[in-house]
Amino acid sequence: MSTSTLSLPRNRDGWRAPVALAGVLAALFVLPVVIDDAFVYHIFITICIFAGLSTAWNIVGGYAGQLSLGHAAFYGIGAYVGMMLVNAGVTPWLGMFAGGGVAAVVAVAISYPCFRLHGPFFALASIAFLEVFRVLALHFSGVTGGATGMMVPLETGWMWMIFQDRLPSLIIAFGLMLLTLLVAWGLRQHRWGFYLVATRERESAARSAGIGTVKMRLLAVAISAALTAMLGTFHAMYLTFIEPGSVFSLTFSIQIAMFALIGGIGTVFGPLVGTILLVPVTELARGWLGAEAVGLHGFVYGSVLVIAVLFMPDGLMSVLSRFFGAGPAARDDDGAGATTSAPSRTQAQRAPIGDVVLQAEHLDKHFGGLHVTNDVSLTLRKGEVLGVIGPNGAGKTTVFNMLSGFLKPDSGRVSIRGADGHFHSPASPGDFARLQLGRTFQIVQPFAAMTVEENIMVGAFHRHPAVADARRSAREIAHRMGLARYLDDEARGLPIGGLKRLEIARVMAMEPRVLLLDEVMAGINRADLQEAIELVRAIRDSGVSIIAIEHVMQAIMSLSDRVIVINSGEVIAEGAPEDVVRQEAVIEAYLGKESVDAAAQ
Amino acid sequence: MEIVLQITANGLMLGGLYAMISVGLTLIFGITRVINFAHGEFLMVGMYIVYLVTTQLGVHPYASVLLAVPALFVMGALTQKLVIERLRNSDEHVQIFATVGLSIALINLALLIFGADIANTPSSGLRHSVGVGTVGVLTGQLVIFFSSIVLVVVLHLLLTRTRPGRAIRATAQNRAAARLMGINVSRVYVLTFGLGAACVGVAATLVAPLYPASPTIGTYFVLIAFVVVVMGGLGSITGAFIAALVIGLVDAFAGYYLGSDLKEVAVFGIFLLVLIFRPSGLFGARRNLSHVSP
Amino acid sequence: MSKSRSMFRYAAIGLTSALALGAGAGAAHAEVKFGALYPFSGQLALLGEESARGLELAVEQINSEGGVQGEQVKLVQGDAVDNNQAIGEARRLIAREGVKAIFGTYSSSRSIAASQVAELSRIPYFELGAVAEKVTSRDLGYLYRTNPTAKDMARTIVDMIVESVAPELGMDPSELRIGIIHEDSSYGSSVAEFENKYAEEAGLNVVAEQAYPASTVDMSSIVLLLKEENVDVVLQTSYQNDSVLFLRQADEENYDPKAIIGGGGGYSMEPTAEAVGEDVIDGVLDADFTQYNVNPEFAPGVKEFVEDYKAKYDSAPRSGHSLNNYAGAMALLHAIDDADGFGPDEIREAVDAIDIPMGETAAGYGVKFGENNQNTRAKMMGMQWQDGELVTVFPEEAAVSELKLQD
């Protein structure tokens with residue numbers, strides 16, 4: 001799922017894409033008007049409705065990556081609310097917003113408990129909700145008209161959205177589609193769009209960047225549901241008749257999602273492209289094959305779907321974007337920094353070590369019967385580098401998870417001195433991030449489908465809410481970290497050393513005061529190691545306090561002001577690096593008891 | 001009291017039916033993590049095979065198991081080999097839609113070949129009512145119920161006592177580790193898919209004499225099957241069996257006391273509650289839940 | 001400039017006429033086009049096509065008699081596979097094909113969606129087979145319906161209970177305990193609604209009502225409920241799968257009501273009888289469109305229809321839908337033949353004047369449009385499965401056999 005392709009190409013020869021897009025949109029409106037044929041109007045109105053529905057779905061299914069197969073529920077809510085209000089004498093222009101509002105509320109209410117569910121499980125939950133809605137709509141016939149459905153009186157005119165002419169219907173359908181596209185495009189350009197994609201790609205990294213992942217998902221669901229419902233109201237007026245079976249339909253939900261998939265899930269204009277291609281093709285196939293034999297058309301449709309998915313799993317947009325040259329073209333704004341991969345060192349003088357900025361007291365944590373950390377206490381002073389060492393499985397990362405809010409200790413507490421000078425005890429990763437604590441992950445957590453620049457921007461938003469500022473800041477950091485020449489590449493393509501740097505760059509973009517580094521030196525080669533050490537030193541010199549978990553002794557010894565050793569969940573030693581490594585308990589912990597005896601002889 | 005006993009009996013029989021159909025899906029979904037929307041259509045294909053064999057050759061419906069099981073095994077294995085495996089590195093959305101496409105194609109293929117009418121497999125005495133006192137069930141239902149137990153036991157032994165079974169379990173636990181241990185993961189997946197589909201072949205053989213086959217018969221079963229599998233806990237075959245009985249009982253009691261139109265609300269409502277409050281399933285003991293965020 | 005523009009326009013039309021399902025044929029002399037809008041593909045295709053065959057046979061017959069107003073009728077097909085598609089096809093037929101009227105539609109929801117397009121375009125829309133009341137409930141001026149509806153089905157069922165079933169059982173109708181079960185889509189729900197209404201008016205005692213999804217795989221709880229309530233007469237409105245399921249499960253749980261009355265759907269179909277077996281289906285009653293085992297004196301032309309059908313399609317009619325579409329279409333086409341042109345208002349005037357008494361169409365019932373342009377003389381027939389065949393037993397003038405109940 002490639003999100004960045006054609007979202008809006010920034011390179012200079014990318015003018016073709018916007019022009020093509022404008023041409024397609026214009027054709028959608030102009031063609032039926034020129035041809036002036038009722039059937040052609042109908043086809044284009046259908047395209048507009050489905051393109052709108054599919055684009056709205058894509059906000060949840062694509063951006064947020066939550067595979068909803070129950071979107072017909074929101075479409076149905078829009079249709080029913082709109083129609084009930086019309087029957088009560090309220091114009092669908094108001095009904096549309098009422099339906100959108102109800103759908104947004106319902107969407108938030110049913111998605112909130114499901115936010116922990118991913119992939120297939122979210123999909124199943126959404127199907128279950130849809131089924132429940134359908135059965136309830138059938139059962140409460142007093143409200144919904146039950147199985148026999150609901151109709152509107154055939155009063156024509158703009159007031160009732162029913163027309164003798166076809167042009168007004170096209171205008172509304174086209175307008176709603178434009179609105180949906182605009183919202184989808186705007187969202188993708190906005191900070192929230194970055195947050196959504198980041199949440200989809202790596203939820204924990206997103207949380208550590210201070211993103212309220214649940215809130216973002218709910219926002220996406222609410223926007224998507226409201227747009228879907230508004231289209232539902234219009235479509236109900238266009239059909240003048242709705243029934244639970246055809247409105248709350250799983251087949252319909254799947255169809256909406258399918259258009260997005262064929263076009264390119266997660267891309268802004270993929271759903272539009274998918275719909276423009278598939279609606280006419282479906283009509284054509286039905287015309288050619290439908291009369292031949294019952295089932296033949298469906299069989300071909302299903303088979304083509306499988307084949308399309310097999311050969312174009314990334315959708316039409318990935319094929320199109322190759323034509324429109326939005327690929328990883330060379331950037332011309334790299335400047336000299338691009339040619340050298342070496343991080344440019346800031347020559348700041350190291351400030352003296354100051355007061356305590358972070359304090360962990362008596363942290364205890366059990367996993368089941370396992371006592372992973374036992375009474376761990378530590379302090380970190382301003383401008384200090386604290387090294388944390390210990391054998392694998394000692395509980396170091398668990399300590400980090402408690403220091404950054406990912407795990408709640410069973411007892412004990414973590415407090416951080418805020419910018420206001422007082423100590424706070426934050427509860428969630430977001431709260432920690434707001435107190436300017438940043439962390440990296442032992443296993444790098446890049447937002448794979450985003451470009452390097454976008455990855456860093458996710459961190460930069462923390463300090464620079466405006467997209468332009470965040471981008472500027474991200475570029476600057478990328479230069480500093482030697483990532484400049486990768487700016488437009490998707491993160492998934494970076495070598496491991498680049499990923500490690502990206503991990504730090506994203507955190508640095510948050511401009512943290514406290515930085516938790518989890519084995520950033522592991523797995524990088526000797527040449528890069530010295531660079532990395534320099535890099536951390538430079539960060540320290542800019543006034544950031546650092547706790548680093550590390551196995552690479554060379555790094556620990558040269559960087560740390562102080563080292564603590566954790567073994568079996570307990571702090572077994574603490575002190576200056578050179579003193580600590582000589583302690584018997586430490587050698588024993590690392591190398592086993594025999595080595596200690598051997599060394600003593 | 002009589003009525004409660006009869007409802008319980010009906011619920012258990014229904015549960016046996018659901019278990020029969022879901023066991024295969026537990027294997028497939030629990031291990032490959034692919035929502036196979038075509039699972040119901042596997043059942044449909046199996047039932048048409050039984051229908052054809054029985055009516056064309058004039059044999060007892062149960063004899064067609066000899067054809068239905070291998071045919072379904074091949075069908076499942078091919079689905080994995082030719083479709084799912086090629087999409088292994090794609091988004092999970094993509095895999096789901098591939099199976100949706102497969103499901104649409106299969107339903108319409110059946111429509112093309114057999115028409116929309118029901119196809120009726122001879123019941124060969126399996127619709128004979130047996131019972132104690134006023135409580136009665138069909139012989140065919142009893143066969144399904146006990147066969148589902150046998151199937152659960154056999155699969156359990158297969159997974160715990162044989163080499164391929166252990167490979168399947170290891171792959172389910174940790175794909176990467178399994179690969180490191182020299183297990184051919186993609187072959188394990190093909191095997192799992194085939195095995196799961198073969199279970200559906202057994203189910204089809206037993207179900208066909210009791211229910212008329214039609215192109216859309218699978219669509220009702222597939223949702224219930226997913227409910228059962230998720231409730232039972234991922235990949236837990238005994239869990240799925242118990243969940244199937246629970247859903248069968250809920251179905252029967254809700255149908256009687258709530259009304260048949262609302263029983264789906266009860267079934268899906270319980271499913272949603274389980275998903276939300278116990279995403280690991282009622283009987284899932286695995287701590288490592290890849291589908292729940294940290 | 002204008003030339004290039006018209007070139008573009010021409011090309012665009014060429015492009016999109018590919019969408020038009022390739023149905024445009026060159027206009028022949030003295031030919032008038034009517035639309036045939038049915039679900040020809042999708043889930044409803046089987047009976048949609050069956051319905052369309054009735055219309056086709058009617059048109060063939062009219063054409064061989066010299067056409068309408070001296071012009072040959074050409075049917076243009078439209079495929080109403082879902083509600084949105086029904087609208088599109090109605091628009092295509094009207095705007096592209098220039099049909100003078102549309103005939104259809106079998107499915108009620110497709111009919112409601114498509115007739116609205118016709119109404120706004122002022123093109124007559126003739127419904128020959130959809131049964132939901134809502135089709136004719138919107139004060140449309142251009143929509144006519146010839147066939148009996150869900151209401152008529154319920155009427156016939158209740159009449160049959162009061163006039164035939166209760167006397168046959170030697171009981172007072174009010175003594176009978178009635179249970180109503182139905183699938184939960186539009187068809188089952190609307191029939192059940194009117195069954196309730198008429199049963200109450202007739203003083204019948206309805207003791208249970210249950211809706212269920214047609215795709216259900218288990219109806220044991222419904223059987224139990226009916227058994228518990230000691231229901232004597234079960235009214236089921238259902239499709240095929242659920243008819244089979246209920247009849248089987250009732251039999252297996254030894255539930256033997258005094259009478260089972262189906263409302264069309266699965267109860268009128270041969271495969272249902274085959275699936276449950278002759279011993280179970282025998283004696284089961286059914287109300288539906290006129291079927292083929294009907295007194296030919298009451299339904300003149302039904303034998304000829306069956307012969308024509310077999311000659312054209314090489315099989316016996318699969319349900320009564322074709323016959324009813326045929327009868328309705330014949331009445332309408334004859335009326336249009338008498339009109340003064342093919343303008344919508346001429347057609348309306350001619351159709352409004354139709355006055356065919358009972359017993360003079362191939363479906364038996366007469367044609368006379370009343371309130372909301374619904375045929376006031378449309379009637380459903382009562383039938384019974386006897387010795388493996390569905391024979392008409394109600395009303396008496398249409399019957400070919402007597403209604404028989406075992407006890």
# chains A, B, ... in the order shown; residues from 1 in each chain; ligands from 1
>>> residues_around(residues="Val467 in chain A", least_positions_apart="4", cutoff="12 Å", atoms="only C-alpha atoms", output="JSON, numbers by chain")
{"A": [186, 187, 188, 189, 190, 191, 192, 193, 194, 195, 453, 454, 456, 457, 458, 459, 460, 461, 462, 463, 471, 472, 473, 474]}
>>> residues_around(residues="Asn372 in chain C", least_positions_apart="4", cutoff="9 Å", atoms="only C-alpha atoms", output="list of chain:residue names")
C:Thr136, C:Ser137, C:Arg138, C:Asp139, C:Leu140, C:Gly141, C:Leu143, C:Tyr144, C:Arg145
>>> write_last_selection(atoms="C-alpha atoms", output="PDB file, in the first residue's frame")
ATOM      1  CA  THR C 136     -49.272   1.366  -6.275  1.00  0.00           C
ATOM      2  CA  SER C 137     -49.395   3.458  -3.130  1.00  0.00           C
ATOM      3  CA  ARG C 138     -47.805   6.665  -4.442  1.00  0.00           C
ATOM      4  CA  ASP C 139     -50.560   8.265  -6.524  1.00  0.00           C
ATOM      5  CA  LEU C 140     -48.566   7.771  -9.696  1.00  0.00           C
ATOM      6  CA  GLY C 141     -50.470   8.694 -12.844  1.00  0.00           C
ATOM      7  CA  LEU C 143     -48.159   3.314 -13.345  1.00  0.00           C
ATOM      8  CA  TYR C 144     -50.699   0.513 -13.818  1.00  0.00           C
ATOM      9  CA  ARG C 145     -50.687  -2.907 -12.270  1.00  0.00           C
TER      10      ARG C 145
END
>>> select_by_dssp(residues="range 199-317 of chain C", states="alpha helix (DSSP H)", output="number ranges by chain")
C: 199-201, 220-228, 240-252, 270-276, 278-281, 302-313
>>> closest_residue(among="B:Glu92, B:Glu85, B:Glu41, B:Asp117", to="Arg318 in chain C", atoms="only C-alpha atoms")
B:Asp117
>>> closest_atom_pairs(of="chain B", to="chain C", cutoff="9 Å", atoms="only C-alpha atoms", output="Markdown table")
| residue | atom | partner | partner_atom | distance |
| --- | --- | --- | --- | --- |
| B:Ile3 | CA | C:Leu224 | CA | 7.6 |
| B:Gln6 | CA | C:Leu224 | CA | 8.3 |
| B:Ile7 | CA | C:Ser221 | CA | 7.0 |
| B:Asn10 | CA | C:Ser220 | CA | 6.9 |
| B:Leu14 | CA | C:Asp218 | CA | 7.8 |
| B:Asn108 | CA | C:Gly42 | CA | 8.8 |
| B:Gly115 | CA | C:Leu46 | CA | 8.0 |
| B:Ala116 | CA | C:Leu46 | CA | 6.8 |
| B:Asp117 | CA | C:Pro271 | CA | 7.3 |
| B:Ile118 | CA | C:Pro271 | CA | 7.1 |
| B:Ala119 | CA | C:Ala275 | CA | 8.2 |
| B:Asn120 | CA | C:Ala275 | CA | 5.7 |
| B:Thr121 | CA | C:Ala275 | CA | 8.3 |
| B:Pro122 | CA | C:Ala275 | CA | 8.4 |
| B:Arg127 | CA | C:Glu252 | CA | 7.4 |
| B:His128 | CA | C:Glu252 | CA | 7.4 |
| B:Ser129 | CA | C:Glu252 | CA | 6.1 |
| B:Val135 | CA | C:Glu253 | CA | 8.9 |
| B:Gly136 | CA | C:Glu253 | CA | 6.9 |
| B:Val137 | CA | C:Glu253 | CA | 7.8 |
| B:Leu138 | CA | C:Glu252 | CA | 7.6 |
| B:Tyr211 | CA | C:Leu245 | CA | 7.7 |
| B:Pro212 | CA | C:Asn241 | CA | 7.3 |
| B:Ala213 | CA | C:Asn241 | CA | 8.9 |
| B:Ser214 | CA | C:Asn241 | CA | 8.3 |
| B:Thr216 | CA | C:Ser215 | CA | 8.4 |
| B:Ile217 | CA | C:Ser215 | CA | 7.5 |
| B:Thr219 | CA | C:Ser215 | CA | 8.4 |
| B:Tyr220 | CA | C:Ser215 | CA | 6.4 |
| B:Phe221 | CA | C:Val217 | CA | 8.4 |
| B:Asp251 | CA | C:Ser221 | CA | 8.9 |
| B:Ala252 | CA | C:Ser221 | CA | 6.0 |
| B:Phe253 | CA | C:Ser221 | CA | 7.6 |
| B:Ala254 | CA | C:Ser221 | CA | 8.7 |
| B:Gly255 | CA | C:Ser221 | CA | 5.6 |
| B:Tyr256 | CA | C:Ser221 | CA | 5.0 |
| B:Tyr257 | CA | C:Ser221 | CA | 8.8 |
| B:Gly259 | CA | C:Gln210 | CA | 6.4 |
| B:Ser260 | CA | C:Tyr212 | CA | 4.9 |
| B:Asp261 | CA | C:Tyr212 | CA | 4.4 |
| B:Leu262 | CA | C:Tyr212 | CA | 8.1 |
| B:Lys263 | CA | C:Tyr212 | CA | 8.8 |
>>> write_last_selection(atoms="C-alpha atoms", output="PDB file, in the first residue's frame")
ATOM      1  CA  ILE B   3     -39.757 -27.757  25.780  1.00  0.00           C
ATOM      2  CA  GLN B   6     -36.172 -30.194  23.248  1.00  0.00           C
ATOM      3  CA  ILE B   7     -34.671 -26.762  22.645  1.00  0.00           C
ATOM      4  CA  ASN B  10     -32.018 -28.868  18.989  1.00  0.00           C
ATOM      5  CA  LEU B  14     -27.236 -27.266  15.610  1.00  0.00           C
ATOM      6  CA  ASN B 108     -22.055 -17.855  -9.875  1.00  0.00           C
ATOM      7  CA  GLY B 115     -29.369 -23.071 -11.680  1.00  0.00           C
ATOM      8  CA  ALA B 116     -30.933 -21.254  -8.756  1.00  0.00           C
ATOM      9  CA  ASP B 117     -33.132 -24.199  -7.769  1.00  0.00           C
ATOM     10  CA  ILE B 118     -32.275 -26.310  -4.781  1.00  0.00           C
ATOM     11  CA  ALA B 119     -30.481 -29.574  -5.386  1.00  0.00           C
ATOM     12  CA  ASN B 120     -31.765 -32.305  -3.183  1.00  0.00           C
ATOM     13  CA  THR B 121     -29.524 -35.143  -2.048  1.00  0.00           C
ATOM     14  CA  PRO B 122     -31.524 -38.270  -1.119  1.00  0.00           C
ATOM     15  CA  ARG B 127     -33.928 -38.085   8.332  1.00  0.00           C
ATOM     16  CA  HIS B 128     -35.289 -40.733  10.665  1.00  0.00           C
ATOM     17  CA  SER B 129     -36.317 -39.353  14.014  1.00  0.00           C
ATOM     18  CA  VAL B 135     -37.325 -35.231  22.888  1.00  0.00           C
ATOM     19  CA  GLY B 136     -36.390 -36.212  19.383  1.00  0.00           C
ATOM     20  CA  VAL B 137     -33.565 -35.604  16.949  1.00  0.00           C
ATOM     21  CA  LEU B 138     -32.628 -37.003  13.543  1.00  0.00           C
ATOM     22  CA  TYR B 211     -30.126 -29.732   3.826  1.00  0.00           C
ATOM     23  CA  PRO B 212     -30.851 -29.014   0.195  1.00  0.00           C
ATOM     24  CA  ALA B 213     -27.874 -27.535  -1.626  1.00  0.00           C
ATOM     25  CA  SER B 214     -28.195 -24.197  -3.387  1.00  0.00           C
ATOM     26  CA  THR B 216     -25.992 -19.425  -1.846  1.00  0.00           C
ATOM     27  CA  ILE B 217     -26.107 -22.005   0.981  1.00  0.00           C
ATOM     28  CA  THR B 219     -23.210 -17.400   2.708  1.00  0.00           C
ATOM     29  CA  TYR B 220     -25.253 -18.079   5.830  1.00  0.00           C
ATOM     30  CA  PHE B 221     -22.799 -20.591   7.235  1.00  0.00           C
ATOM     31  CA  ASP B 251     -29.421 -19.806  18.339  1.00  0.00           C
ATOM     32  CA  ALA B 252     -32.038 -22.298  19.506  1.00  0.00           C
ATOM     33  CA  PHE B 253     -33.014 -20.525  22.715  1.00  0.00           C
ATOM     34  CA  ALA B 254     -33.036 -17.052  21.156  1.00  0.00           C
ATOM     35  CA  GLY B 255     -35.079 -18.408  18.265  1.00  0.00           C
ATOM     36  CA  TYR B 256     -37.692 -19.709  20.674  1.00  0.00           C
ATOM     37  CA  TYR B 257     -37.780 -16.965  23.273  1.00  0.00           C
ATOM     38  CA  GLY B 259     -38.152 -14.722  17.970  1.00  0.00           C
ATOM     39  CA  SER B 260     -36.514 -16.068  14.879  1.00  0.00           C
ATOM     40  CA  ASP B 261     -36.002 -12.672  13.336  1.00  0.00           C
ATOM     41  CA  LEU B 262     -33.932 -11.459  16.292  1.00  0.00           C
ATOM     42  CA  LYS B 263     -31.809 -14.533  16.909  1.00  0.00           C
TER      43      LYS B 263
END
>>> residues_around(residues="range 267-279 of chain B", least_positions_apart="5", cutoff="7 Å", atoms="only C-alpha atoms", output="JSON, numbers by chain")
{"A": [113, 114, 125, 128, 132], "B": [227, 231, 247, 250, 251]}
>>> write_last_selection(atoms="N, CA, C and O atoms", output="PDB file, in the first residue's frame")
ATOM      1  N   PRO A 113     -15.097   0.760  21.133  1.00  0.00           N
ATOM      2  CA  PRO A 113     -14.728  -0.516  21.758  1.00  0.00           C
ATOM      3  C   PRO A 113     -13.918  -1.424  20.841  1.00  0.00           C
ATOM      4  O   PRO A 113     -13.281  -2.350  21.315  1.00  0.00           O
ATOM      5  N   CYS A 114     -13.955  -1.160  19.532  1.00  0.00           N
ATOM      6  CA  CYS A 114     -13.265  -2.053  18.589  1.00  0.00           C
ATOM      7  C   CYS A 114     -11.867  -1.583  18.232  1.00  0.00           C
ATOM      8  O   CYS A 114     -11.219  -2.175  17.395  1.00  0.00           O
ATOM      9  N   ALA A 125     -15.790  -7.658  13.018  1.00  0.00           N
ATOM     10  CA  ALA A 125     -16.636  -6.864  13.915  1.00  0.00           C
ATOM     11  C   ALA A 125     -17.520  -5.927  13.109  1.00  0.00           C
ATOM     12  O   ALA A 125     -18.715  -5.764  13.398  1.00  0.00           O
ATOM     13  N   ALA A 128     -20.352  -7.799  11.670  1.00  0.00           N
ATOM     14  CA  ALA A 128     -21.338  -8.142  12.696  1.00  0.00           C
ATOM     15  C   ALA A 128     -22.228  -6.942  13.002  1.00  0.00           C
ATOM     16  O   ALA A 128     -23.454  -7.075  13.114  1.00  0.00           O
ATOM     17  N   VAL A 132     -26.303  -6.652  12.525  1.00  0.00           N
ATOM     18  CA  VAL A 132     -27.197  -6.251  13.618  1.00  0.00           C
ATOM     19  C   VAL A 132     -28.073  -5.080  13.170  1.00  0.00           C
ATOM     20  O   VAL A 132     -29.283  -5.064  13.395  1.00  0.00           O
TER      21      VAL A 132
ATOM     22  N   VAL B 227     -17.851 -16.506  13.546  1.00  0.00           N
ATOM     23  CA  VAL B 227     -18.224 -16.239  14.930  1.00  0.00           C
ATOM     24  C   VAL B 227     -17.671 -17.339  15.833  1.00  0.00           C
ATOM     25  O   VAL B 227     -17.032 -17.084  16.856  1.00  0.00           O
ATOM     26  N   MET B 231     -14.730 -16.874  18.623  1.00  0.00           N
ATOM     27  CA  MET B 231     -15.122 -17.119  20.015  1.00  0.00           C
ATOM     28  C   MET B 231     -14.313 -18.241  20.630  1.00  0.00           C
ATOM     29  O   MET B 231     -13.967 -18.206  21.805  1.00  0.00           O
ATOM     30  N   ILE B 247     -22.954 -21.363  20.537  1.00  0.00           N
ATOM     31  CA  ILE B 247     -23.709 -20.610  19.525  1.00  0.00           C
ATOM     32  C   ILE B 247     -24.965 -21.377  19.099  1.00  0.00           C
ATOM     33  O   ILE B 247     -26.035 -20.792  18.912  1.00  0.00           O
ATOM     34  N   VAL B 250     -27.428 -20.820  21.855  1.00  0.00           N
ATOM     35  CA  VAL B 250     -27.927 -19.435  21.798  1.00  0.00           C
ATOM     36  C   VAL B 250     -28.937 -19.296  20.659  1.00  0.00           C
ATOM     37  O   VAL B 250     -30.021 -18.730  20.817  1.00  0.00           O
ATOM     38  N   ASP B 251     -28.567 -19.848  19.525  1.00  0.00           N
ATOM     39  CA  ASP B 251     -29.421 -19.806  18.339  1.00  0.00           C
ATOM     40  C   ASP B 251     -30.797 -20.408  18.660  1.00  0.00           C
ATOM     41  O   ASP B 251     -31.843 -19.806  18.400  1.00  0.00           O
TER      42      ASP B 251
END
>>> closest_atom_pairs(of="chain B", to="chain A", cutoff="9 Å", atoms="only C-alpha atoms", output="Markdown table")
| residue | atom | partner | partner_atom | distance |
| --- | --- | --- | --- | --- |
| B:Arg33 | CA | A:Pro120 | CA | 7.8 |
| B:Val34 | CA | A:Pro120 | CA | 7.5 |
| B:Ile35 | CA | A:Pro120 | CA | 6.2 |
| B:Val83 | CA | A:Leu310 | CA | 6.9 |
| B:Ile84 | CA | A:Leu310 | CA | 8.8 |
| B:Arg86 | CA | A:Leu310 | CA | 7.0 |
| B:Leu87 | CA | A:Leu310 | CA | 6.9 |
| B:Ser90 | CA | A:Pro313 | CA | 6.6 |
| B:Asp91 | CA | A:Met1 | CA | 6.8 |
| B:Glu92 | CA | A:Gly119 | CA | 6.9 |
| B:His93 | CA | A:Leu67 | CA | 6.7 |
| B:Val94 | CA | A:Pro313 | CA | 6.4 |
| B:Gln95 | CA | A:Val309 | CA | 8.2 |
| B:Ile96 | CA | A:Pro120 | CA | 8.1 |
| B:Phe97 | CA | A:Met258 | CA | 7.3 |
| B:Ala98 | CA | A:Val306 | CA | 5.0 |
| B:Thr99 | CA | A:Val306 | CA | 7.6 |
| B:Val100 | CA | A:Gly302 | CA | 7.8 |
| B:Gly101 | CA | A:Gly302 | CA | 4.4 |
| B:Leu102 | CA | A:Gly302 | CA | 6.0 |
| B:Ser103 | CA | A:Gly302 | CA | 7.3 |
| B:Ile104 | CA | A:Gly302 | CA | 5.0 |
| B:Ala105 | CA | A:Phe299 | CA | 4.2 |
| B:Leu106 | CA | A:Phe299 | CA | 6.9 |
| B:Ile107 | CA | A:Phe299 | CA | 7.6 |
| B:Asn108 | CA | A:Gly295 | CA | 4.4 |
| B:Leu109 | CA | A:Phe299 | CA | 5.6 |
| B:Ala110 | CA | A:Gly295 | CA | 7.8 |
| B:Leu111 | CA | A:Gly295 | CA | 5.2 |
| B:Leu112 | CA | A:Gly295 | CA | 4.8 |
| B:Ile113 | CA | A:Gly295 | CA | 8.5 |
| B:Gly115 | CA | A:Val294 | CA | 7.5 |
| B:Ala116 | CA | A:Val294 | CA | 8.7 |
| B:Leu223 | CA | A:Ala128 | CA | 8.5 |
| B:Phe226 | CA | A:Leu124 | CA | 7.8 |
| B:Val227 | CA | A:Leu124 | CA | 8.4 |
| B:Val230 | CA | A:Phe121 | CA | 8.4 |
| B:Asp261 | CA | A:His139 | CA | 7.2 |
| B:Leu262 | CA | A:Val135 | CA | 6.8 |
| B:Glu264 | CA | A:Val132 | CA | 7.3 |
| B:Val265 | CA | A:Val132 | CA | 5.3 |
| B:Ala266 | CA | A:Val132 | CA | 8.8 |
| B:Phe268 | CA | A:Ala128 | CA | 5.6 |
| B:Gly269 | CA | A:Val132 | CA | 7.6 |
| B:Phe271 | CA | A:Ala128 | CA | 7.8 |
| B:Leu272 | CA | A:Ala125 | CA | 6.3 |
| B:Leu275 | CA | A:Ala125 | CA | 7.4 |
| B:Ile276 | CA | A:Pro113 | CA | 6.0 |
| B:Phe277 | CA | A:Pro113 | CA | 8.6 |
| B:Pro279 | CA | A:Leu117 | CA | 7.8 |
| B:Ser290 | CA | A:His118 | CA | 8.6 |
| B:His291 | CA | A:His118 | CA | 5.3 |
| B:Val292 | CA | A:Arg116 | CA | 5.5 |
| B:Ser293 | CA | A:Arg116 | CA | 5.8 |
| B:Pro294 | CA | A:Ser204 | CA | 7.6 |
>>> select_by_dssp(residues="range 416-564 of chain A", states="strand (DSSP E)", output="PyMOL selection string")
chain A and resi 416-417+423-424+437-439+514-518+545-549+562-564
>>> interface_residues(of="chain A", to="chain C", cutoff="9 Å", atoms="only C-alpha atoms", output="PyMOL selection string")
chain A and resi 31+34-35+37-43+46+138-139+146-154+156+163-165+235+238-246+280-281+283-288+290-291+293-298
>>> closest_residue(among="C:Ser64, C:Gln406, C:Ser174, C:Asn293", to="Pro257 in chain C", atoms="only C-alpha atoms")
C:Gln406
>>> closest_residue(among="C:Phe298, C:Trp385, C:Leu169, C:Pro148", to="Gly277 in chain C", atoms="only C-alpha atoms")
C:Trp385
>>> residues_around(residues="Tyr142 in chain C", least_positions_apart="6", cutoff="12 Å", atoms="only C-alpha atoms", output="ChimeraX atom specification")
/C:100-103,114-127,136,343-349,351-352,372-374
>>> residues_around(residues="Ile180 in chain C", least_positions_apart="4", cutoff="8 Å", atoms="only C-alpha atoms", output="VMD selection string")
chain C and resid 192 195 206 208 to 210 234 to 236
>>> residues_around(residues="range 322-339 of chain C", least_positions_apart="5", cutoff="6 Å", atoms="only C-alpha atoms", output="PyMOL selection string")
chain C and resi 50-51+53-55+58+68-69+128+146+346-347+350-351+362-363
>>> atom_distance(atom1="CA of Ala573 in chain A", atom2="CA of Gly543 in chain A")
26.4 Å
